[in-house]
file run37.cif (mmCIF, C-alpha atoms and all ligand atoms)
data_final
#
loop_
_atom_site.group_PDB
_atom_site.id
_atom_site.type_symbol
_atom_site.label_atom_id
_atom_site.label_comp_id
_atom_site.auth_asym_id
_atom_site.auth_seq_id
_atom_site.Cartn_x
_atom_site.Cartn_y
_atom_site.Cartn_z
ATOM 1 C CA GLU I 1 12.461 -17.238 -109.606
ATOM 2 C CA ILE I 2 15.077 -14.875 -108.228
ATOM 3 C CA GLU I 3 12.332 -12.562 -107.099
ATOM 4 C CA LYS I 4 10.667 -15.428 -105.213
ATOM 5 C CA ILE I 5 13.887 -16.273 -103.415
ATOM 6 C CA SER I 6 14.474 -12.639 -102.534
ATOM 7 C CA GLN I 7 10.918 -12.351 -101.238
ATOM 8 C CA ALA I 8 11.308 -15.506 -99.144
ATOM 9 C CA LYS I 9 14.531 -14.111 -97.743
ATOM 10 C CA THR I 10 12.910 -10.828 -96.780
ATOM 11 C CA GLU I 11 10.007 -12.655 -95.181
ATOM 12 C CA PHE I 12 12.378 -14.897 -93.254
ATOM 13 C CA ILE I 13 14.309 -11.936 -91.875
ATOM 14 C CA SER I 14 11.149 -10.083 -91.004
ATOM 15 C CA ILE I 15 9.583 -13.056 -89.173
ATOM 16 C CA THR I 16 12.736 -13.926 -87.256
ATOM 17 C CA SER I 17 13.321 -10.341 -86.171
ATOM 18 C CA HIS I 18 9.740 -10.093 -84.940
ATOM 19 C CA GLN I 19 10.199 -13.332 -83.025
ATOM 20 C CA LEU I 20 13.426 -12.036 -81.521
ATOM 21 C CA ARG I 21 11.821 -8.836 -80.348
ATOM 22 C CA THR I 22 9.294 -10.443 -78.030
ATOM 23 C CA PRO I 23 11.735 -12.297 -75.750
ATOM 24 C CA LEU I 24 14.136 -9.354 -75.864
ATOM 25 C CA SER I 25 11.522 -7.001 -74.483
ATOM 26 C CA ALA I 26 10.605 -9.569 -71.824
ATOM 27 C CA ILE I 27 14.281 -9.682 -70.809
ATOM 28 C CA LYS I 28 14.364 -5.887 -70.723
ATOM 29 C CA GLY I 29 11.267 -5.796 -68.516
ATOM 30 C CA TYR I 30 12.609 -8.281 -65.976
ATOM 31 C CA LEU I 31 16.046 -6.672 -65.936
ATOM 32 C CA SER I 32 14.544 -3.255 -65.274
ATOM 33 C CA MET I 33 12.571 -4.594 -62.337
ATOM 34 C CA ILE I 34 15.578 -6.442 -60.941
ATOM 35 C CA LEU I 35 17.697 -3.276 -61.247
ATOM 36 C CA GLU I 36 15.012 -1.152 -59.608
ATOM 37 C CA GLY I 37 15.136 -3.511 -56.635
ATOM 38 C CA SER I 38 11.659 -4.958 -57.114
ATOM 39 C CA TYR I 39 12.975 -8.372 -56.050
ATOM 40 C CA GLY I 40 15.173 -7.137 -53.222
ATOM 41 C CA GLN I 41 18.329 -5.119 -53.026
ATOM 42 C CA LEU I 42 21.254 -6.305 -55.109
ATOM 43 C CA PRO I 43 24.849 -6.500 -53.907
ATOM 44 C CA GLU I 44 26.855 -3.719 -55.620
ATOM 45 C CA LYS I 45 28.923 -6.200 -57.662
ATOM 46 C CA VAL I 46 25.849 -8.001 -58.945
ATOM 47 C CA LYS I 47 24.175 -4.708 -59.777
ATOM 48 C CA GLU I 48 27.175 -3.634 -61.859
ATOM 49 C CA LYS I 49 27.065 -6.849 -63.845
ATOM 50 C CA MET I 50 23.309 -6.629 -64.271
ATOM 51 C CA GLU I 51 23.743 -3.141 -65.708
ATOM 52 C CA ASN I 52 26.142 -4.595 -68.281
ATOM 53 C CA VAL I 53 23.579 -7.254 -69.124
ATOM 54 C CA PHE I 54 20.961 -4.517 -69.528
ATOM 55 C CA GLN I 55 23.219 -2.514 -71.870
ATOM 56 C CA SER I 56 24.018 -5.573 -73.988
ATOM 57 C CA ASN I 57 20.328 -6.326 -74.250
ATOM 58 C CA GLU I 58 19.683 -2.727 -75.345
ATOM 59 C CA ARG I 59 22.252 -3.117 -78.118
ATOM 60 C CA LEU I 60 20.629 -6.342 -79.212
ATOM 61 C CA ILE I 61 17.218 -4.667 -79.335
ATOM 62 C CA LYS I 62 18.666 -1.850 -81.441
ATOM 63 C CA LEU I 63 20.335 -4.308 -83.803
ATOM 64 C CA VAL I 64 17.152 -6.331 -84.279
ATOM 65 C CA ASN I 65 15.177 -3.129 -84.903
ATOM 66 C CA ASP I 66 17.767 -1.972 -87.440
ATOM 67 C CA ILE I 67 17.675 -5.300 -89.272
ATOM 68 C CA LEU I 68 13.899 -5.251 -89.273
ATOM 69 C CA ASN I 69 13.913 -1.712 -90.651
ATOM 70 C CA VAL I 70 16.399 -2.613 -93.378
ATOM 71 C CA SER I 71 14.368 -5.642 -94.431
ATOM 72 C CA LYS I 72 11.208 -3.529 -94.585
ATOM 73 C CA ILE I 73 12.990 -0.830 -96.582
ATOM 74 C CA GLU I 74 14.330 -3.375 -99.097
ATOM 75 C CA ALA I 75 10.910 -4.977 -99.422
ATOM 76 C CA GLY I 76 9.322 -1.582 -100.015
ATOM 77 C CA GLU I 77 7.109 -2.165 -96.997
ATOM 78 C CA ILE I 78 7.680 1.087 -95.175
ATOM 79 C CA GLU I 79 4.505 3.039 -94.638
ATOM 80 C CA MET I 80 4.549 6.778 -94.199
ATOM 81 C CA ASN I 81 2.466 8.439 -91.509
ATOM 82 C CA TRP I 82 2.319 12.039 -92.649
ATOM 83 C CA GLU I 83 1.476 14.729 -90.147
ATOM 84 C CA ARG I 84 2.083 18.444 -89.835
ATOM 85 C CA VAL I 85 4.640 19.079 -87.117
ATOM 86 C CA ASP I 86 7.004 21.605 -85.640
ATOM 87 C CA LEU I 87 10.465 20.164 -86.196
ATOM 88 C CA ARG I 88 11.803 22.082 -83.188
ATOM 89 C CA GLU I 89 9.739 19.907 -80.869
ATOM 90 C CA ILE I 90 11.165 16.665 -82.273
ATOM 91 C CA ILE I 91 14.733 17.966 -82.059
ATOM 92 C CA LYS I 92 14.228 19.152 -78.475
ATOM 93 C CA GLU I 93 12.849 15.777 -77.431
ATOM 94 C CA VAL I 94 15.804 13.936 -78.919
ATOM 95 C CA ILE I 95 18.308 16.338 -77.352
ATOM 96 C CA ASN I 96 16.603 15.848 -74.024
ATOM 97 C CA GLU I 97 16.890 12.095 -74.398
ATOM 98 C CA LEU I 98 20.577 12.204 -75.334
ATOM 99 C CA SER I 99 21.742 14.936 -72.972
ATOM 100 C CA ILE I 100 22.616 12.367 -70.290
ATOM 101 C CA LYS I 101 24.964 10.597 -72.698
ATOM 102 C CA ALA I 102 26.635 13.888 -73.601
ATOM 103 C CA LYS I 103 26.987 14.857 -69.957
ATOM 104 C CA GLU I 104 28.575 11.511 -69.092
ATOM 105 C CA LYS I 105 31.282 12.248 -71.662
ATOM 106 C CA ASN I 106 31.591 15.891 -70.600
ATOM 107 C CA LEU I 107 30.456 17.117 -73.999
ATOM 108 C CA TYR I 108 28.258 20.095 -74.727
ATOM 109 C CA LEU I 109 25.042 19.501 -76.630
ATOM 110 C CA ASN I 110 23.521 22.741 -77.926
ATOM 111 C CA PHE I 111 20.483 23.583 -79.963
ATOM 112 C CA GLU I 112 20.294 26.725 -82.087
ATOM 113 C CA GLU I 113 16.719 27.293 -83.132
ATOM 114 C CA PRO I 114 15.182 29.977 -85.307
ATOM 115 C CA LYS I 115 12.423 32.145 -83.903
ATOM 116 C CA GLU I 116 9.939 30.994 -86.475
ATOM 117 C CA VAL I 117 9.655 27.714 -88.314
ATOM 118 C CA PRO I 118 6.841 26.651 -90.610
ATOM 119 C CA LYS I 119 5.143 23.430 -89.599
ATOM 120 C CA VAL I 120 5.941 20.797 -92.196
ATOM 121 C CA LEU I 121 4.376 17.600 -93.393
ATOM 122 C CA LEU I 122 6.508 14.651 -92.339
ATOM 123 C CA ASP I 123 6.597 11.256 -90.658
ATOM 124 C CA SER I 124 7.614 12.366 -87.194
ATOM 125 C CA GLU I 125 8.641 8.906 -85.956
ATOM 126 C CA LYS I 126 11.023 8.445 -88.880
ATOM 127 C CA ILE I 127 12.456 11.948 -88.614
ATOM 128 C CA ARG I 128 12.863 11.419 -84.878
ATOM 129 C CA GLN I 129 14.900 8.313 -85.650
ATOM 130 C CA VAL I 130 16.989 10.222 -88.200
ATOM 131 C CA ILE I 131 17.868 12.943 -85.699
ATOM 132 C CA LEU I 132 18.421 10.447 -82.881
ATOM 133 C CA ASN I 133 20.835 8.394 -84.973
ATOM 134 C CA LEU I 134 22.800 11.446 -86.140
ATOM 135 C CA ILE I 135 23.178 12.993 -82.698
ATOM 136 C CA ASP I 136 23.916 9.599 -81.163
ATOM 137 C CA ASN I 137 26.751 9.092 -83.671
ATOM 138 C CA ALA I 138 28.019 12.634 -83.067
ATOM 139 C CA ILE I 139 28.242 12.004 -79.319
ATOM 140 C CA ARG I 140 29.676 8.526 -79.767
ATOM 141 C CA TYR I 141 32.433 9.633 -82.122
ATOM 142 C CA THR I 142 33.449 12.747 -80.184
ATOM 143 C CA GLN I 143 35.774 12.619 -77.193
ATOM 144 C CA GLU I 144 36.270 16.332 -76.549
ATOM 145 C CA GLY I 145 34.224 19.455 -77.179
ATOM 146 C CA GLY I 146 30.693 18.616 -78.180
ATOM 147 C CA VAL I 147 27.809 18.712 -80.554
ATOM 148 C CA ASN I 148 25.925 21.670 -81.983
ATOM 149 C CA VAL I 149 22.521 21.138 -83.544
ATOM 150 C CA LYS I 150 21.082 23.878 -85.693
ATOM 151 C CA LEU I 151 17.768 24.239 -87.445
ATOM 152 C CA GLN I 152 17.605 26.803 -90.218
ATOM 153 C CA MET I 153 15.880 27.791 -93.431
ATOM 154 C CA SER I 154 18.067 27.469 -96.481
ATOM 155 C CA LYS I 155 16.857 28.269 -100.019
ATOM 156 C CA GLY I 156 13.254 27.573 -99.168
ATOM 157 C CA LYS I 157 14.105 24.326 -97.417
ATOM 158 C CA LEU I 158 14.456 23.290 -93.814
ATOM 159 C CA GLN I 159 17.978 22.333 -92.899
ATOM 160 C CA ILE I 160 19.129 20.434 -89.827
ATOM 161 C CA VAL I 161 22.863 20.782 -89.225
ATOM 162 C CA ILE I 162 24.591 18.538 -86.696
ATOM 163 C CA ALA I 163 28.191 19.562 -86.133
ATOM 164 C CA ASP I 164 30.609 17.767 -83.810
ATOM 165 C CA THR I 165 34.222 18.326 -82.787
ATOM 166 C CA GLY I 166 35.108 14.647 -82.934
ATOM 167 C CA GLU I 167 36.958 12.100 -85.041
ATOM 168 C CA GLY I 168 36.048 13.553 -88.408
ATOM 169 C CA LEU I 169 35.846 11.735 -91.726
ATOM 170 C CA THR I 170 38.241 10.943 -94.538
ATOM 171 C CA LYS I 171 37.227 11.462 -98.158
ATOM 172 C CA GLU I 172 36.699 7.722 -98.712
ATOM 173 C CA GLU I 173 34.556 7.458 -95.597
ATOM 174 C CA LYS I 174 32.354 10.315 -96.710
ATOM 175 C CA GLU I 175 31.487 8.399 -99.868
ATOM 176 C CA LYS I 176 30.748 5.063 -98.198
ATOM 177 C CA LEU I 177 29.067 6.263 -95.013
ATOM 178 C CA PHE I 178 25.450 5.949 -96.075
ATOM 179 C CA LYS I 179 25.743 2.451 -97.543
ATOM 180 C CA ARG I 180 24.573 -0.738 -95.845
ATOM 181 C CA PHE I 181 26.936 -2.243 -93.240
ATOM 182 C CA SER I 182 29.442 0.529 -93.830
ATOM 183 C CA ARG I 183 31.649 1.263 -90.837
ATOM 184 C CA GLY I 184 34.491 3.750 -90.718
ATOM 185 C CA THR I 185 37.627 4.075 -88.618
ATOM 186 C CA ALA I 186 35.821 6.004 -85.893
ATOM 187 C CA GLY I 187 33.221 3.276 -85.778
ATOM 188 C CA THR I 188 35.595 0.384 -85.294
ATOM 189 C CA LYS I 189 37.800 2.362 -82.929
ATOM 190 C CA PHE I 190 35.174 3.548 -80.439
ATOM 191 C CA TRP I 191 32.221 1.287 -80.762
ATOM 192 C CA THR I 192 32.959 -2.256 -81.732
ATOM 193 C CA GLU I 193 29.352 -3.438 -81.590
ATOM 194 C CA GLY I 194 27.864 -1.183 -84.287
ATOM 195 C CA ALA I 195 26.611 -2.860 -87.427
ATOM 196 C CA GLY I 196 26.900 0.137 -89.744
ATOM 197 C CA LEU I 197 23.181 0.128 -90.504
ATOM 198 C CA GLY I 198 22.282 3.414 -88.799
ATOM 199 C CA LEU I 199 23.232 5.875 -91.527
ATOM 200 C CA TYR I 200 21.836 3.643 -94.263
ATOM 201 C CA ILE I 201 18.419 3.689 -92.556
ATOM 202 C CA VAL I 202 18.780 7.421 -91.926
ATOM 203 C CA ARG I 203 19.460 8.096 -95.603
ATOM 204 C CA ARG I 204 16.545 5.966 -96.777
ATOM 205 C CA PHE I 205 14.177 7.683 -94.313
ATOM 206 C CA VAL I 206 15.318 11.126 -95.463
ATOM 207 C CA GLU I 207 14.845 10.105 -99.102
ATOM 208 C CA MET I 208 11.292 8.965 -98.307
ATOM 209 C CA HIS I 209 10.690 12.637 -97.466
ATOM 210 C CA ASN I 210 12.249 13.733 -100.773
ATOM 211 C CA GLY I 211 15.017 15.156 -98.679
ATOM 212 C CA LYS I 212 18.795 15.089 -98.948
ATOM 213 C CA ILE I 213 21.547 14.119 -96.537
ATOM 214 C CA TRP I 214 25.285 14.597 -96.744
ATOM 215 C CA ALA I 215 28.354 14.895 -94.536
ATOM 216 C CA GLU I 216 31.249 17.303 -94.509
ATOM 217 C CA SER I 217 34.569 17.155 -92.692
ATOM 218 C CA GLU I 218 37.958 18.792 -92.911
ATOM 219 C CA GLY I 219 39.493 15.377 -92.275
ATOM 220 C CA ARG I 220 40.547 13.013 -89.546
ATOM 221 C CA GLY I 221 40.376 14.562 -86.080
ATOM 222 C CA LYS I 222 38.683 17.726 -87.361
ATOM 223 C CA GLY I 223 35.065 17.004 -86.563
ATOM 224 C CA SER I 224 32.148 16.161 -88.810
ATOM 225 C CA THR I 225 29.042 18.026 -89.884
ATOM 226 C CA PHE I 226 25.936 16.235 -91.085
ATOM 227 C CA PHE I 227 23.288 18.065 -93.125
ATOM 228 C CA VAL I 228 19.673 17.015 -93.553
ATOM 229 C CA GLU I 229 17.575 19.032 -95.949
ATOM 230 C CA LEU I 230 13.793 18.663 -96.015
ATOM 231 C CA PRO I 231 11.408 20.254 -98.475
ATOM 232 C CA ILE I 232 8.687 22.419 -96.997
ATOM 233 C CA LYS I 233 5.284 21.084 -97.844
HETATM 234 N N1 LIG B 301 29.706 11.988 -86.268
HETATM 235 C C1 LIG B 301 30.582 11.119 -86.795
HETATM 236 N N2 LIG B 301 31.926 11.350 -86.709
HETATM 237 C C2 LIG B 301 32.820 10.488 -87.250
HETATM 238 N N3 LIG B 301 32.485 9.340 -87.880
HETATM 239 C C3 LIG B 301 31.176 9.063 -87.994
HETATM 240 C C4 LIG B 301 30.149 9.923 -87.451
HETATM 241 N N4 LIG B 301 28.944 9.365 -87.731
HETATM 242 C C5 LIG B 301 29.200 8.218 -88.389
HETATM 243 N N5 LIG B 301 30.526 8.024 -88.548
HETATM 244 C C6 LIG B 301 31.196 6.894 -89.251
HETATM 245 O O1 LIG B 301 30.235 6.292 -90.105
HETATM 246 C C7 LIG B 301 30.139 4.890 -89.839
HETATM 247 C C8 LIG B 301 28.709 4.433 -90.072
HETATM 248 O O2 LIG B 301 27.825 4.971 -89.095
HETATM 249 P P1 LIG B 301 26.508 4.175 -88.735
HETATM 250 O O3 LIG B 301 25.806 3.811 -89.992
HETATM 251 O O4 LIG B 301 25.749 4.946 -87.710
HETATM 252 O O5 LIG B 301 27.028 2.816 -88.119
HETATM 253 P P2 LIG B 301 27.696 2.480 -86.696
HETATM 254 O O6 LIG B 301 27.539 3.677 -85.822
HETATM 255 O O7 LIG B 301 26.905 1.300 -86.253
HETATM 256 O O8 LIG B 301 29.128 2.120 -86.999
HETATM 257 C C9 LIG B 301 30.629 4.725 -88.413
HETATM 258 O O9 LIG B 301 31.177 3.437 -88.216
HETATM 259 C C10 LIG B 301 31.676 5.831 -88.278
HETATM 260 O O10 LIG B 301 32.938 5.375 -88.702
HETATM 261 MG MG MG B 302 25.620 4.625 -85.502
#
call {"tool": "encode", "arguments": {"input": "run37.cif", "output": "structure tokens", "more": "lines below"}}
Ligand SMILES: Nc1ncnc2c1ncn2[C@@H]1O[C@H](COP(=O)(O)OP(=O)(O)O)[C@@H](O)[C@H]1O
Ligand SMILES: [Mg+2]
result
Amino acid sequence: EIEKISQAKTEFISITSHQLRTPLSAIKGYLSMILEGSYGQLPEKVKEKMENVFQSNERLIKLVNDILNVSKIEAGEIEMNWERVDLREIIKEVINELSIKAKEKNLYLNFEEPKEVPKVLLDSEKIRQVILNLIDNAIRYTQEGGVNVKLQMSKGKLQIVIADTGEGLTKEEKEKLFKRFSRGTAGTKFWTEGAGLGLYIVRRFVEMHNGKIWAESEGRGKGSTFFVELPIK
């Protein structure tokens, strides 16, 4: 009986999030065209407001996607698309995508890559999302300095290390971070809209690769370092 209810709940969430996605992408499409001036030039004031509308819509899209991902994870409905890839390429793409955000905040965003990396079997879309979420958090929760991303071999495993000079983490935060809906002080201070789902999804995706994820920090204000370890297969 309980299982039935839980299944109905998961189905409900999954259907509603799908239904929410369609109009949200229509809104995004129209807004983009309006902002590009496809329907005539906008007065500066209107344009500013429309950009805010666009950003809010982006957040909504991200939230719906996160909820959809969580409901799929809980229902055991996540499919893996294994392919052999060079992790450096995925990291470079993500860094490229986020470099504008870093620049806007005057933060550095570096990538230290080894000369040689074995191609590994992984789900590149999921790993892309893992890296995107981690670097996005690092930029979001850092006000000065920047973010260093490093790919290295460690004890026969591939390790991605994302180190920032930002808000840092307390001991309690470090333990709760990867749970559902968990938000820390940095989260509520700098980004009120987050739902605290990002790192939960990240952890589950890493675990689907038989990998490990953990965070280290010397404490509040001393920066954070996130480690992702993936087996080489
Ligand atoms: N690089 C980081 N530096 C400091 N705190 C972080 C960092 N990444 C995550 N956190 C903390 O972990 C919490 C959970 O992160 P996440 O799951 O991505 O949710 P959200 O970003 O939506 O709050 C955040 O609210 C924040 O307090
Ligand atoms: Mg986040």
call {"tool": "atom_distance", "arguments": {"input": "run37.cif", "atom1": "atom C8 of ligand LIG 301 (chain B)", "atom2": "atom CA of I:Val149"}}
result
19.0 Å
call {"tool": "resolve_selection", "arguments": {"input": "run37.cif", "expression": "the PyMOL selection byres (((chain I and resi 137-142) around 6) and not hetatm)", "output": "ChimeraX atom specification"}}
result
/I:134-136,143-144,164,166-167
call {"tool": "residues_near_point", "arguments": {"input": "run37.cif", "point": "(12.9, -5.1, -74.1)", "cutoff": "12 Å", "atoms": "all atoms listed in the file", "output": "PyMOL selection string"}}
result
chain I and resi 20-33+53-62+64-65
call {"tool": "closest_residue", "arguments": {"input": "run37.cif", "among": "I:Val70, I:Ala102, I:Lys233, I:Arg220", "to": "I:Leu197", "atoms": "all atoms listed in the file"}}
result
I:Val70
call {"tool": "resolve_selection", "arguments": {"input": "run37.cif", "expression": "the PyMOL selection byres (((not hetatm)) within 6 of (chain B and resi 301))", "output": "PDB file with C-alpha atoms, in the coordinates of the input"}}
result
ATOM      1  CA  ASN I 137      26.751   9.092 -83.671  1.00  0.00           C
ATOM      2  CA  ALA I 138      28.019  12.634 -83.067  1.00  0.00           C
ATOM      3  CA  TYR I 141      32.433   9.633 -82.122  1.00  0.00           C
ATOM      4  CA  GLY I 166      35.108  14.647 -82.934  1.00  0.00           C
ATOM      5  CA  GLU I 167      36.958  12.100 -85.041  1.00  0.00           C
ATOM      6  CA  GLY I 168      36.048  13.553 -88.408  1.00  0.00           C
ATOM      7  CA  LEU I 169      35.846  11.735 -91.726  1.00  0.00           C
ATOM      8  CA  LEU I 177      29.067   6.263 -95.013  1.00  0.00           C
ATOM      9  CA  SER I 182      29.442   0.529 -93.830  1.00  0.00           C
ATOM     10  CA  ARG I 183      31.649   1.263 -90.837  1.00  0.00           C
ATOM     11  CA  GLY I 184      34.491   3.750 -90.718  1.00  0.00           C
ATOM     12  CA  THR I 185      37.627   4.075 -88.618  1.00  0.00           C
ATOM     13  CA  ALA I 186      35.821   6.004 -85.893  1.00  0.00           C
ATOM     14  CA  GLY I 187      33.221   3.276 -85.778  1.00  0.00           C
ATOM     15  CA  GLY I 194      27.864  -1.183 -84.287  1.00  0.00           C
ATOM     16  CA  ALA I 195      26.611  -2.860 -87.427  1.00  0.00           C
ATOM     17  CA  GLY I 196      26.900   0.137 -89.744  1.00  0.00           C
ATOM     18  CA  LEU I 197      23.181   0.128 -90.504  1.00  0.00           C
ATOM     19  CA  GLY I 198      22.282   3.414 -88.799  1.00  0.00           C
ATOM     20  CA  LEU I 199      23.232   5.875 -91.527  1.00  0.00           C
ATOM     21  CA  TYR I 200      21.836   3.643 -94.263  1.00  0.00           C
ATOM     22  CA  SER I 224      32.148  16.161 -88.810  1.00  0.00           C
TER      23      SER I 224
END
call {"tool": "residues_around", "arguments": {"input": "run37.cif", "residues": "stretch 80-85 of chain I", "least_positions_apart": "6", "cutoff": "8 Å", "atoms": "all atoms listed in the file", "output": "list in words"}}
result
Lys119, Val120, Leu121, Leu122, Asp123 and Ser124 of chain I
call {"tool": "write_last_selection", "arguments": {"input": "run37.cif", "atoms": "C-alpha atoms", "output": "CSV table (one decimal), in the coordinates of the input"}}
result
chain,number,residue,atom,x,y,z
I,119,LYS,CA,5.1,23.4,-89.6
I,120,VAL,CA,5.9,20.8,-92.2
I,121,LEU,CA,4.4,17.6,-93.4
I,122,LEU,CA,6.5,14.7,-92.3
I,123,ASP,CA,6.6,11.3,-90.7
I,124,SER,CA,7.6,12.4,-87.2
call {"tool": "residues_around", "arguments": {"input": "run37.cif", "residues": "I:Lys155", "least_positions_apart": "2", "cutoff": "12 Å", "atoms": "all atoms listed in the file", "output": "tab-separated table (two decimals) with C-alpha atoms, in the coordinates of the input"}}
result
chain	number	residue	atom	x	y	z
I	152	GLN	CA	17.60	26.80	-90.22
I	153	MET	CA	15.88	27.79	-93.43
I	157	LYS	CA	14.10	24.33	-97.42
I	158	LEU	CA	14.46	23.29	-93.81
I	159	GLN	CA	17.98	22.33	-92.90
I	229	GLU	CA	17.58	19.03	-95.95
I	230	LEU	CA	13.79	18.66	-96.02
I	231	PRO	CA	11.41	20.25	-98.48
I	232	ILE	CA	8.69	22.42	-97.00
call {"tool": "closest_residue", "arguments": {"input": "run37.cif", "among": "I:Phe178, I:Phe12, I:Phe205, I:Phe111", "to": "ligand MG 302 (chain B)", "atoms": "only C-alpha atoms and all ligand atoms"}}
result
I:Phe178
call {"tool": "atom_distance", "arguments": {"input": "run37.cif", "atom1": "atom CA of I:Thr170", "atom2": "atom CA of I:Gln129"}}
result
25.1 Å
call {"tool": "closest_residue", "arguments": {"input": "run37.cif", "among": "I:Tyr108, I:Tyr39, I:Trp214, I:Phe227", "to": "I:Glu175", "atoms": "only C-alpha atoms"}}
result
I:Trp214
call {"tool": "resolve_selection", "arguments": {"input": "run37.cif", "expression": "the PyMOL selection byres (((chain I and resi 127) around 10) and not hetatm)", "output": "MDAnalysis selection string"}}
result
chainID I and resid 87 90:91 122:126 128:133 202 205:206 209
call {"tool": "atom_distance", "arguments": {"input": "run37.cif", "atom1": "atom CA of I:Glu112", "atom2": "atom CA of I:Leu98"}}
result
16.0 Å
call {"tool": "closest_residue", "arguments": {"input": "run37.cif", "among": "I:Leu42, I:Ile67, I:Leu107, I:Ile2", "to": "I:Ser14", "atoms": "all atoms listed in the file"}}
result
I:Ile67
call {"tool": "closest_residue", "arguments": {"input": "run37.cif", "among": "I:Met208, I:Ile162, I:Val46, I:Ile201", "to": "I:Phe226", "atoms": "only C-alpha atoms"}}
result
I:Ile162
call {"tool": "residues_around", "arguments": {"input": "run37.cif", "residues": "stretch 4-9 of chain I", "least_positions_apart": "2", "cutoff": "12 Å", "atoms": "only C-alpha atoms", "output": "number ranges by chain"}}
result
I: 1-2, 11-16, 71-72, 74-77
call {"tool": "closest_residue", "arguments": {"input": "run37.cif", "among": "I:Phe190, I:Gly219, I:Glu207, I:Asn106", "to": "ligand MG 302 (chain B)", "atoms": "only C-alpha atoms and all ligand atoms"}}
result
I:Phe190
call {"tool": "decode", "arguments": {"input": "run37.cif", "residues": "stretch 110-115 of chain I", "atoms": "all heavy atoms", "output": "PDB file, in the first residue's frame"}}
result
ATOM      1  N   ASN I 110      40.620  28.795 -13.240  1.00  0.00           N
ATOM      2  CA  ASN I 110      41.733  28.102 -13.889  1.00  0.00           C
ATOM      3  C   ASN I 110      41.484  26.617 -14.052  1.00  0.00           C
ATOM      4  O   ASN I 110      40.755  26.021 -13.281  1.00  0.00           O
ATOM      5  CB  ASN I 110      43.010  28.239 -13.050  1.00  0.00           C
ATOM      6  CG  ASN I 110      43.471  29.680 -12.994  1.00  0.00           C
ATOM      7  OD1 ASN I 110      43.191  30.472 -13.897  1.00  0.00           O
ATOM      8  ND2 ASN I 110      44.152  30.029 -11.919  1.00  0.00           N
ATOM      9  N   PHE I 111      42.160  26.051 -15.022  1.00  0.00           N
ATOM     10  CA  PHE I 111      42.114  24.601 -15.186  1.00  0.00           C
ATOM     11  C   PHE I 111      43.527  24.045 -15.291  1.00  0.00           C
ATOM     12  O   PHE I 111      44.302  24.426 -16.152  1.00  0.00           O
ATOM     13  CB  PHE I 111      41.300  24.242 -16.435  1.00  0.00           C
ATOM     14  CG  PHE I 111      41.194  22.755 -16.678  1.00  0.00           C
ATOM     15  CD1 PHE I 111      41.087  21.862 -15.625  1.00  0.00           C
ATOM     16  CD2 PHE I 111      41.174  22.248 -17.963  1.00  0.00           C
ATOM     17  CE1 PHE I 111      40.971  20.493 -15.828  1.00  0.00           C
ATOM     18  CE2 PHE I 111      41.060  20.873 -18.194  1.00  0.00           C
ATOM     19  CZ  PHE I 111      40.956  20.006 -17.118  1.00  0.00           C
ATOM     20  N   GLU I 112      43.853  23.155 -14.355  1.00  0.00           N
ATOM     21  CA  GLU I 112      45.158  22.478 -14.381  1.00  0.00           C
ATOM     22  C   GLU I 112      44.932  21.078 -14.909  1.00  0.00           C
ATOM     23  O   GLU I 112      44.289  20.261 -14.249  1.00  0.00           O
ATOM     24  CB  GLU I 112      45.701  22.345 -12.961  1.00  0.00           C
ATOM     25  CG  GLU I 112      46.474  23.527 -12.448  1.00  0.00           C
ATOM     26  CD  GLU I 112      46.901  23.263 -11.008  1.00  0.00           C
ATOM     27  OE1 GLU I 112      47.633  22.280 -10.756  1.00  0.00           O
ATOM     28  OE2 GLU I 112      46.464  24.022 -10.141  1.00  0.00           O
ATOM     29  N   GLU I 113      45.457  20.811 -16.098  1.00  0.00           N
ATOM     30  CA  GLU I 113      45.215  19.487 -16.669  1.00  0.00           C
ATOM     31  C   GLU I 113      46.516  18.705 -16.840  1.00  0.00           C
ATOM     32  O   GLU I 113      47.564  19.265 -17.122  1.00  0.00           O
ATOM     33  CB  GLU I 113      44.502  19.609 -18.017  1.00  0.00           C
ATOM     34  CG  GLU I 113      45.223  20.514 -18.986  1.00  0.00           C
ATOM     35  CD  GLU I 113      44.492  20.581 -20.326  1.00  0.00           C
ATOM     36  OE1 GLU I 113      44.087  19.523 -20.825  1.00  0.00           O
ATOM     37  OE2 GLU I 113      44.349  21.690 -20.863  1.00  0.00           O
ATOM     38  N   PRO I 114      46.433  17.400 -16.653  1.00  0.00           N
ATOM     39  CA  PRO I 114      47.622  16.577 -16.866  1.00  0.00           C
ATOM     40  C   PRO I 114      47.872  16.406 -18.362  1.00  0.00           C
ATOM     41  O   PRO I 114      46.976  16.635 -19.170  1.00  0.00           O
ATOM     42  CB  PRO I 114      47.234  15.244 -16.235  1.00  0.00           C
ATOM     43  CG  PRO I 114      45.756  15.211 -16.260  1.00  0.00           C
ATOM     44  CD  PRO I 114      45.272  16.628 -16.237  1.00  0.00           C
ATOM     45  N   LYS I 115      49.093  16.027 -18.696  1.00  0.00           N
ATOM     46  CA  LYS I 115      49.423  15.878 -20.114  1.00  0.00           C
ATOM     47  C   LYS I 115      48.688  14.710 -20.729  1.00  0.00           C
ATOM     48  O   LYS I 115      48.253  14.760 -21.860  1.00  0.00           O
ATOM     49  CB  LYS I 115      50.940  15.688 -20.271  1.00  0.00           C
ATOM     50  CG  LYS I 115      51.684  16.999 -20.142  1.00  0.00           C
ATOM     51  CD  LYS I 115      53.084  16.898 -20.730  1.00  0.00           C
ATOM     52  CE  LYS I 115      53.875  18.151 -20.388  1.00  0.00           C
ATOM     53  NZ  LYS I 115      54.312  18.110 -18.949  1.00  0.00           N
TER      54      LYS I 115
END
